[in-house]
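Colleague: Just one file: data_2.tsv, with TSV, N, CA and C atoms.
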chain	number	residue	atom	x	y	z
A	1	MET	N	0.74	-20.75	-36.53
A	1	MET	CA	-0.12	-19.80	-35.87
A	1	MET	C	0.30	-19.70	-34.40
A	2	SER	N	0.39	-18.48	-33.87
A	2	SER	CA	0.86	-18.31	-32.49
A	2	SER	C	-0.29	-18.50	-31.50
A	3	GLU	N	0.10	-18.95	-30.31
A	3	GLU	CA	-0.87	-19.20	-29.26
A	3	GLU	C	-1.35	-17.86	-28.68
A	4	ALA	N	-2.60	-17.78	-28.27
A	4	ALA	CA	-3.18	-16.54	-27.75
A	4	ALA	C	-2.57	-16.18	-26.40
A	5	LEU	N	-2.37	-14.89	-26.19
A	5	LEU	CA	-1.85	-14.38	-24.93
A	5	LEU	C	-3.04	-14.02	-24.04
A	6	VAL	N	-3.58	-15.02	-23.37
A	6	VAL	CA	-4.79	-14.81	-22.58
A	6	VAL	C	-4.65	-15.31	-21.13
A	7	TYR	N	-3.44	-15.65	-20.73
A	7	TYR	CA	-3.22	-16.13	-19.37
A	7	TYR	C	-2.45	-15.10	-18.55
A	8	LEU	N	-2.81	-15.05	-17.28
A	8	LEU	CA	-2.12	-14.20	-16.30
A	8	LEU	C	-1.32	-15.12	-15.39
A	9	ILE	N	-0.25	-14.59	-14.84
A	9	ILE	CA	0.53	-15.33	-13.85
A	9	ILE	C	0.26	-14.67	-12.50
A	10	LYS	N	-0.32	-15.45	-11.60
A	10	LYS	CA	-0.68	-14.93	-10.28
A	10	LYS	C	0.29	-15.46	-9.25
A	11	LYS	N	0.84	-14.55	-8.45
A	11	LYS	CA	1.76	-14.91	-7.37
A	11	LYS	C	1.20	-14.30	-6.09
A	12	GLY	N	0.69	-15.16	-5.22
A	12	GLY	CA	-0.01	-14.65	-4.04
A	12	GLY	C	-1.25	-13.91	-4.49
A	13	SER	N	-1.35	-12.64	-4.10
A	13	SER	CA	-2.51	-11.84	-4.51
A	13	SER	C	-2.15	-10.86	-5.63
A	14	TYR	N	-0.97	-11.03	-6.22
A	14	TYR	CA	-0.51	-10.13	-7.28
A	14	TYR	C	-0.40	-10.84	-8.63
A	15	PHE	N	-0.39	-10.06	-9.67
A	15	PHE	CA	-0.18	-10.57	-11.02
A	15	PHE	C	1.16	-10.07	-11.54
A	16	TYR	N	1.79	-10.89	-12.36
A	16	TYR	CA	3.01	-10.43	-13.05
A	16	TYR	C	2.62	-9.32	-14.02
A	17	ARG	N	3.49	-8.34	-14.14
A	17	ARG	CA	3.32	-7.30	-15.16
A	17	ARG	C	3.83	-7.86	-16.49
A	18	PRO	N	3.67	-7.12	-17.58
A	18	PRO	CA	4.19	-7.60	-18.87
A	18	PRO	C	5.69	-7.91	-18.81
A	19	ASN	N	6.09	-8.90	-19.54
A	19	ASN	CA	7.48	-9.35	-19.62
A	19	ASN	C	8.04	-9.81	-18.28
A	20	LYS	N	7.14	-10.19	-17.38
A	20	LYS	CA	7.54	-10.69	-16.05
A	20	LYS	C	8.37	-9.67	-15.29
A	21	GLN	N	8.04	-8.40	-15.46
A	21	GLN	CA	8.81	-7.33	-14.82
A	21	GLN	C	7.96	-6.61	-13.79
A	22	GLY	N	7.99	-7.13	-12.57
A	22	GLY	CA	7.26	-6.51	-11.47
A	22	GLY	C	5.90	-7.13	-11.27
A	23	TYR	N	5.18	-6.55	-10.30
A	23	TYR	CA	3.87	-7.07	-9.92
A	23	TYR	C	2.84	-5.95	-9.92
A	24	THR	N	1.58	-6.36	-10.00
A	24	THR	CA	0.47	-5.42	-9.92
A	24	THR	C	-0.71	-6.10	-9.26
A	25	SER	N	-1.57	-5.30	-8.65
A	25	SER	CA	-2.81	-5.81	-8.08
A	25	SER	C	-3.94	-5.79	-9.09
A	26	PHE	N	-3.70	-5.16	-10.22
A	26	PHE	CA	-4.78	-4.87	-11.16
A	26	PHE	C	-4.71	-5.74	-12.41
A	27	LYS	N	-5.84	-6.32	-12.74
A	27	LYS	CA	-5.93	-7.17	-13.93
A	27	LYS	C	-5.53	-6.40	-15.18
A	28	PHE	N	-5.99	-5.17	-15.29
A	28	PHE	CA	-5.71	-4.42	-16.51
A	28	PHE	C	-4.23	-4.08	-16.68
A	29	ASP	N	-3.45	-4.09	-15.60
A	29	ASP	CA	-2.00	-3.84	-15.68
A	29	ASP	C	-1.19	-5.12	-15.85
A	30	ALA	N	-1.84	-6.25	-15.70
A	30	ALA	CA	-1.13	-7.53	-15.73
A	30	ALA	C	-0.67	-7.88	-17.14
A	31	GLY	N	0.45	-8.57	-17.21
A	31	GLY	CA	0.93	-9.07	-18.49
A	31	GLY	C	0.09	-10.24	-18.96
A	32	ARG	N	0.06	-10.44	-20.25
A	32	ARG	CA	-0.66	-11.57	-20.83
A	32	ARG	C	0.37	-12.54	-21.41
A	33	TYR	N	0.14	-13.82	-21.16
A	33	TYR	CA	1.11	-14.85	-21.55
A	33	TYR	C	0.37	-16.01	-22.21
A	34	THR	N	1.12	-16.81	-22.92
A	34	THR	CA	0.52	-18.04	-23.46
A	34	THR	C	0.28	-18.99	-22.29
A	35	LYS	N	-0.56	-19.97	-22.51
A	35	LYS	CA	-0.85	-20.94	-21.46
A	35	LYS	C	0.43	-21.67	-21.04
A	36	ASP	N	1.23	-22.08	-22.02
A	36	ASP	CA	2.47	-22.80	-21.71
A	36	ASP	C	3.44	-21.94	-20.90
A	37	ASP	N	3.62	-20.68	-21.32
A	37	ASP	CA	4.53	-19.78	-20.60
A	37	ASP	C	4.05	-19.54	-19.16
A	38	ALA	N	2.76	-19.30	-19.00
A	38	ALA	CA	2.21	-19.03	-17.67
A	38	ALA	C	2.35	-20.25	-16.77
A	39	GLU	N	2.04	-21.41	-17.29
A	39	GLU	CA	2.15	-22.63	-16.48
A	39	GLU	C	3.61	-22.94	-16.13
A	40	ALA	N	4.52	-22.70	-17.05
A	40	ALA	CA	5.94	-22.95	-16.78
A	40	ALA	C	6.44	-22.02	-15.67
A	41	GLU	N	6.05	-20.76	-15.72
A	41	GLU	CA	6.47	-19.80	-14.69
A	41	GLU	C	5.85	-20.17	-13.34
A	42	ALA	N	4.57	-20.52	-13.35
A	42	ALA	CA	3.88	-20.88	-12.10
A	42	ALA	C	4.47	-22.13	-11.47
A	43	ALA	N	5.03	-23.00	-12.28
A	43	ALA	CA	5.62	-24.25	-11.76
A	43	ALA	C	6.87	-23.99	-10.94
A	44	ILE	N	7.47	-22.82	-11.06
A	44	ILE	CA	8.68	-22.49	-10.29
A	44	ILE	C	8.39	-22.48	-8.79
A	45	GLU	N	7.25	-21.91	-8.42
A	45	GLU	CA	6.83	-21.84	-7.02
A	45	GLU	C	5.36	-22.25	-6.92
A	46	PRO	N	5.07	-23.52	-7.11
A	46	PRO	CA	3.67	-23.96	-7.22
A	46	PRO	C	2.85	-23.77	-5.94
A	47	TRP	N	3.48	-23.59	-4.81
A	47	TRP	CA	2.74	-23.42	-3.55
A	47	TRP	C	2.04	-22.07	-3.48
A	48	HIS	N	2.45	-21.07	-4.29
A	48	HIS	CA	1.74	-19.80	-4.26
A	48	HIS	C	1.70	-19.08	-5.61
A	49	MET	N	1.92	-19.83	-6.68
A	49	MET	CA	1.80	-19.25	-8.02
A	49	MET	C	0.89	-20.13	-8.86
A	50	LYS	N	0.18	-19.47	-9.78
A	50	LYS	CA	-0.64	-20.26	-10.70
A	50	LYS	C	-0.90	-19.47	-11.98
A	51	ALA	N	-1.16	-20.21	-13.04
A	51	ALA	CA	-1.57	-19.63	-14.32
A	51	ALA	C	-3.09	-19.52	-14.30
A	52	VAL	N	-3.60	-18.34	-14.64
A	52	VAL	CA	-5.04	-18.11	-14.59
A	52	VAL	C	-5.49	-17.50	-15.91
A	53	HIS	N	-6.55	-18.05	-16.49
A	53	HIS	CA	-7.11	-17.46	-17.71
A	53	HIS	C	-7.69	-16.10	-17.35
A	54	GLN	N	-7.47	-15.11	-18.21
A	54	GLN	CA	-7.91	-13.75	-17.90
A	54	GLN	C	-9.41	-13.64	-17.65
A	55	ASP	N	-10.20	-14.52	-18.25
A	55	ASP	CA	-11.65	-14.48	-18.04
A	55	ASP	C	-12.07	-14.98	-16.66
A	56	GLU	N	-11.17	-15.66	-15.95
A	56	GLU	CA	-11.47	-16.15	-14.61
A	56	GLU	C	-11.25	-15.08	-13.53
A	57	VAL	N	-10.62	-13.97	-13.92
A	57	VAL	CA	-10.33	-12.90	-12.97
A	57	VAL	C	-11.35	-11.79	-13.16
A	58	PRO	N	-12.06	-11.41	-12.09
A	58	PRO	CA	-13.06	-10.36	-12.24
A	58	PRO	C	-12.42	-9.03	-12.62
A	59	ASP	N	-13.17	-8.23	-13.36
A	59	ASP	CA	-12.67	-6.92	-13.78
A	59	ASP	C	-12.74	-5.89	-12.66
A	60	ASP	N	-13.31	-6.25	-11.51
A	60	ASP	CA	-13.50	-5.26	-10.47
A	60	ASP	C	-12.23	-4.98	-9.67
A	61	THR	N	-11.09	-5.45	-10.09
A	61	THR	CA	-9.84	-5.10	-9.43
A	61	THR	C	-9.38	-3.75	-9.98
A	62	ALA	N	-10.23	-2.77	-9.86
A	62	ALA	CA	-9.99	-1.45	-10.43
A	62	ALA	C	-9.25	-0.55	-9.44
A	63	PRO	N	-8.55	0.44	-9.94
A	63	PRO	CA	-7.78	1.32	-9.06
A	63	PRO	C	-8.65	2.12	-8.11
A	64	ASP	N	-9.89	2.43	-8.48
A	64	ASP	CA	-10.74	3.22	-7.59
A	64	ASP	C	-10.96	2.50	-6.26
A	65	ARG	N	-11.20	1.19	-6.33
A	65	ARG	CA	-11.40	0.42	-5.11
A	65	ARG	C	-10.11	0.37	-4.30
A	66	HIS	N	-9.00	0.23	-4.98
A	66	HIS	CA	-7.70	0.19	-4.30
A	66	HIS	C	-7.41	1.54	-3.65
A	67	VAL	N	-7.65	2.62	-4.38
A	67	VAL	CA	-7.40	3.96	-3.85
A	67	VAL	C	-8.31	4.23	-2.65
A	68	ALA	N	-9.56	3.82	-2.73
A	68	ALA	CA	-10.48	4.01	-1.60
A	68	ALA	C	-9.98	3.27	-0.37
A	69	GLY	N	-9.46	2.08	-0.56
A	69	GLY	CA	-8.90	1.31	0.56
A	69	GLY	C	-7.69	1.99	1.16
A	70	LEU	N	-6.83	2.52	0.30
A	70	LEU	CA	-5.66	3.25	0.79
A	70	LEU	C	-6.07	4.51	1.53
A	71	GLN	N	-7.07	5.22	1.02
A	71	GLN	CA	-7.53	6.44	1.68
A	71	GLN	C	-8.07	6.13	3.07
A	72	ALA	N	-8.79	5.04	3.20
A	72	ALA	CA	-9.30	4.65	4.51
A	72	ALA	C	-8.15	4.39	5.49
A	73	LYS	N	-7.11	3.74	5.01
A	73	LYS	CA	-5.94	3.47	5.86
A	73	LYS	C	-5.23	4.77	6.24
A	74	ILE	N	-5.11	5.67	5.29
A	74	ILE	CA	-4.48	6.97	5.56
A	74	ILE	C	-5.28	7.74	6.60
A	75	ASP	N	-6.61	7.73	6.47
A	75	ASP	CA	-7.47	8.43	7.42
A	75	ASP	C	-7.31	7.87	8.83
A	76	LYS	N	-7.25	6.54	8.94
A	76	LYS	CA	-7.07	5.91	10.25
A	76	LYS	C	-5.70	6.26	10.85
A	77	ALA	N	-4.67	6.23	10.02
A	77	ALA	CA	-3.33	6.58	10.51
A	77	ALA	C	-3.30	8.03	10.97
A	78	GLY	N	-3.92	8.91	10.20
A	78	GLY	CA	-3.97	10.33	10.56
A	78	GLY	C	-4.69	10.55	11.88
A	79	ALA	N	-5.78	9.85	12.09
A	79	ALA	CA	-6.53	9.98	13.34
A	79	ALA	C	-5.70	9.49	14.52
A	80	ALA	N	-4.97	8.39	14.34
A	80	ALA	CA	-4.12	7.86	15.40
A	80	ALA	C	-2.99	8.82	15.74
A	81	ILE	N	-2.39	9.40	14.73
A	81	ILE	CA	-1.30	10.36	14.94
A	81	ILE	C	-1.82	11.58	15.69
A	82	LYS	N	-2.95	12.13	15.26
A	82	LYS	CA	-3.53	13.29	15.92
A	82	LYS	C	-3.88	12.96	17.36
A	83	TYR	N	-4.44	11.79	17.59
A	83	TYR	CA	-4.79	11.38	18.95
A	83	TYR	C	-3.56	11.37	19.85
A	84	LEU	N	-2.48	10.77	19.39
A	84	LEU	CA	-1.25	10.72	20.20
A	84	LEU	C	-0.70	12.11	20.48
A	85	LEU	N	-0.67	12.94	19.45
A	85	LEU	CA	-0.14	14.29	19.66
A	85	LEU	C	-1.03	15.08	20.63
A	86	ASP	N	-2.35	15.00	20.47
A	86	ASP	CA	-3.27	15.69	21.38
A	86	ASP	C	-3.15	15.14	22.80
A	87	ARG	N	-3.10	13.84	22.92
A	87	ARG	CA	-3.02	13.20	24.24
A	87	ARG	C	-1.72	13.57	24.94
A	88	SER	N	-0.65	13.71	24.18
A	88	SER	CA	0.65	14.05	24.80
A	88	SER	C	0.62	15.43	25.45
A	89	GLN	N	-0.33	16.26	25.05
A	89	GLN	CA	-0.43	17.59	25.65
A	89	GLN	C	-1.05	17.52	27.05
A	90	ARG	N	-1.78	16.45	27.34
A	90	ARG	CA	-2.45	16.29	28.63
A	90	ARG	C	-1.79	15.25	29.53
A	91	ASP	N	-0.86	14.48	28.99
A	91	ASP	CA	-0.29	13.35	29.72
A	91	ASP	C	1.23	13.52	29.80
A	92	ASP	N	1.72	13.87	30.99
A	92	ASP	CA	3.15	14.14	31.16
A	92	ASP	C	4.02	12.92	30.87
A	93	LYS	N	3.56	11.75	31.26
A	93	LYS	CA	4.34	10.53	31.02
A	93	LYS	C	4.44	10.26	29.51
A	94	LEU	N	3.34	10.43	28.81
A	94	LEU	CA	3.35	10.22	27.36
A	94	LEU	C	4.22	11.28	26.69
A	95	TYR	N	4.11	12.54	27.14
A	95	TYR	CA	4.92	13.60	26.54
A	95	TYR	C	6.41	13.31	26.73
A	96	TYR	N	6.77	12.75	27.89
A	96	TYR	CA	8.16	12.40	28.13
A	96	TYR	C	8.66	11.40	27.07
A	97	GLN	N	7.77	10.49	26.65
A	97	GLN	CA	8.14	9.47	25.67
A	97	GLN	C	8.12	9.97	24.23
A	98	ILE	N	7.13	10.80	23.89
A	98	ILE	CA	6.97	11.18	22.48
A	98	ILE	C	6.99	12.69	22.26
A	99	GLY	N	7.36	13.46	23.28
A	99	GLY	CA	7.32	14.92	23.17
A	99	GLY	C	8.53	15.50	22.45
A	100	PHE	N	8.55	16.83	22.40
A	100	PHE	CA	9.58	17.58	21.71
A	100	PHE	C	10.98	17.07	22.08
A	101	GLY	N	11.82	16.91	21.08
A	101	GLY	CA	13.18	16.45	21.30
A	101	GLY	C	13.36	14.95	21.08
A	102	THR	N	12.26	14.23	20.90
A	102	THR	CA	12.37	12.79	20.66
A	102	THR	C	12.21	12.51	19.17
A	103	GLU	N	12.71	11.37	18.76
A	103	GLU	CA	12.53	10.94	17.38
A	103	GLU	C	11.05	10.71	17.08
A	104	ALA	N	10.33	10.21	18.08
A	104	ALA	CA	8.89	9.99	17.91
A	104	ALA	C	8.19	11.31	17.59
A	105	PHE	N	8.56	12.37	18.28
A	105	PHE	CA	7.94	13.68	18.04
A	105	PHE	C	8.21	14.14	16.61
A	106	ARG	N	9.45	13.98	16.16
A	106	ARG	CA	9.80	14.39	14.81
A	106	ARG	C	8.99	13.60	13.78
A	107	LEU	N	8.90	12.28	13.97
A	107	LEU	CA	8.16	11.44	13.03
A	107	LEU	C	6.66	11.74	13.05
A	108	LEU	N	6.10	11.89	14.25
A	108	LEU	CA	4.66	12.16	14.36
A	108	LEU	C	4.29	13.52	13.79
A	109	THR	N	5.06	14.55	14.11
A	109	THR	CA	4.72	15.88	13.60
A	109	THR	C	4.95	15.96	12.10
A	110	ASP	N	5.97	15.31	11.60
A	110	ASP	CA	6.21	15.29	10.16
A	110	ASP	C	5.07	14.58	9.43
A	111	ALA	N	4.63	13.44	9.97
A	111	ALA	CA	3.52	12.71	9.35
A	111	ALA	C	2.23	13.51	9.43
A	112	HIS	N	1.96	14.13	10.58
A	112	HIS	CA	0.73	14.93	10.74
A	112	HIS	C	0.73	16.10	9.74
A	113	ALA	N	1.88	16.75	9.59
A	113	ALA	CA	1.98	17.86	8.64
A	113	ALA	C	1.73	17.37	7.22
A	114	ALA	N	2.31	16.24	6.87
A	114	ALA	CA	2.14	15.70	5.51
A	114	ALA	C	0.68	15.31	5.24
A	115	LEU	N	0.03	14.75	6.24
A	115	LEU	CA	-1.36	14.30	6.06
A	115	LEU	C	-2.36	15.46	6.03
A	116	THR	N	-2.03	16.55	6.72
A	116	THR	CA	-2.97	17.66	6.82
A	116	THR	C	-2.63	18.84	5.91
A	117	GLY	N	-1.45	18.79	5.30
A	117	GLY	CA	-1.04	19.89	4.43
A	117	GLY	C	-0.52	21.10	5.18
A	118	GLN	N	-0.28	20.95	6.46
A	118	GLN	CA	0.25	22.04	7.27
A	118	GLN	C	1.77	22.08	7.19
A	119	ASP	N	2.32	23.22	7.53
A	119	ASP	CA	3.78	23.35	7.60
A	119	ASP	C	4.26	22.61	8.84
A	120	VAL	N	5.32	21.84	8.71
A	120	VAL	CA	5.80	21.03	9.83
A	120	VAL	C	6.21	21.91	11.01
A	121	LYS	N	6.75	23.09	10.77
A	121	LYS	CA	7.14	23.99	11.87
A	121	LYS	C	5.92	24.44	12.67
A	122	ASP	N	4.80	24.65	11.98
A	122	ASP	CA	3.57	25.04	12.67
A	122	ASP	C	3.04	23.89	13.53
A	123	VAL	N	3.14	22.68	13.01
A	123	VAL	CA	2.69	21.52	13.79
A	123	VAL	C	3.59	21.33	15.00
A	124	GLU	N	4.90	21.44	14.79
A	124	GLU	CA	5.84	21.30	15.92
A	124	GLU	C	5.55	22.35	16.98
A	125	ALA	N	5.31	23.59	16.58
A	125	ALA	CA	5.04	24.67	17.53
A	125	ALA	C	3.75	24.38	18.31
A	126	ARG	N	2.75	23.84	17.64
A	126	ARG	CA	1.48	23.56	18.30
A	126	ARG	C	1.62	22.49	19.38
A	127	TYR	N	2.44	21.47	19.12
A	127	TYR	CA	2.54	20.34	20.03
A	127	TYR	C	3.77	20.38	20.94
A	128	CYS	N	4.55	21.44	20.84
A	128	CYS	CA	5.72	21.59	21.71
A	128	CYS	C	5.29	22.30	23.00
A	129	ARG	N	5.73	21.82	24.12
A	129	ARG	CA	5.41	22.48	25.40
A	129	ARG	C	6.57	23.35	25.82
Please rewrite the model in this file as structure tokens.
Modeller:
Amino acid sequence: MSEALVYLIKKGSYFYRPNKQGYTSFKFDAGRYTKDDAEAEAAIEPWHMKAVHQDEVPDDTAPDRHVAGLQAKIDKAGAAIKYLLDRSQRDDKLYYQIGFGTEAFRLLTDAHAALTGQDVKDVEARYCR
């Protein structure tokens, strides 16, 4: 009789995917292993790996929570980018550093366009002096 596949391999804050191919943050995407296989793999790097029974991991590691966290980070990054671009219009020293013709300007306007759905040429025109 074969041993049940009910163990997850945790490395840091991630789980191994099936067949030990990649990592995931989500319990439902994690591979399932026998206790012996999981413990043997975890023994390779015992300082940050461990075998965990699937019932010990809460089911709330759902993608909705992860996506919400990512959206919050995206919103903060977008606000910071907009702030810098707006501020550069009023601050000559800042514009010298991040204004039109600099790599910073290209990166900031490209990111702002991507985050807002605007055409990058329109964003560049708005923030170019």
Colleague: Rounded to one decimal, what separation in Å do you get between atom CA of A:Leu5 and atom C of A:Lys35?
Modeller: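 Between atom CA of A:Leu5 and atom C of A:Lys35 the gap works out to 8.6 Å.
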Colleague: Output as an MDAnalysis selection string all residues of chain A that backbone DSSP marks as helix (DSSP H, G or I).
Modeller: chainID A and resid 18:20 27:29 35:42 54:56 63:88 92:98 103:116 120:127
Colleague: Around (5.7, -7.3, -22.2) in the file's frame, which residues reach within 7 Å when counting all atoms listed in the file? Return as a list of chain:residue names?
Modeller: A:Arg17, A:Pro18, A:Asn19, A:Lys20, A:Gly31, A:Arg32
Colleague: Find the distance between atom C of A:Glu41 and atom CA of A:Ile9 and write it in Å to one decimal.
Modeller: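 Here the two named atoms are 7.2 Å from each other.
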Colleague: In Å, rounded to a single decimal, give me how far atom CA of A:His53 is from atom CA of A:Phe26.
Modeller: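 Taking atom CA of A:Phe26 and atom CA of A:His53, their separation equals 14.4 Å.
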Colleague: Contacts of stretch 121-126 of chain A at 8 Å or less, counting only C-alpha atoms, minus same-chain residues fewer than 4 places along, as an MDAnalysis selection string?
Modeller: chainID A and resid 100 109 112:113
Colleague: Which residue, A:Tyr127, A:Tyr23, A:Tyr16, A:Tyr33, has the smallest gap to A:Ile81 when you use only C-alpha atoms?
Modeller: A:Tyr127
Colleague: Give the answer as one residue: which of A:Leu108, A:Leu8, A:Tyr96, A:Lys27 has the shortest atom-to-atom distance to A:Asp59, using all atoms listed in the file?
Modeller: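 Residue with the minimum atom-to-atom distance to A:Asp59: A:Lys27.
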Colleague: Skipping near chain neighbours, those fewer than 3 positions away, what residues fall within 8 Å of A:Gly12 using all atoms listed in the file, listed as a PyMOL selection string?
Modeller: chain A and resi 9+15+47-50
Colleague: Can you list, as number ranges by chain, every residue of chain A that DSSP puts in strand (DSSP E or B)?
Modeller: A: 7-11, 14-16, 23-24, 33, 49-53
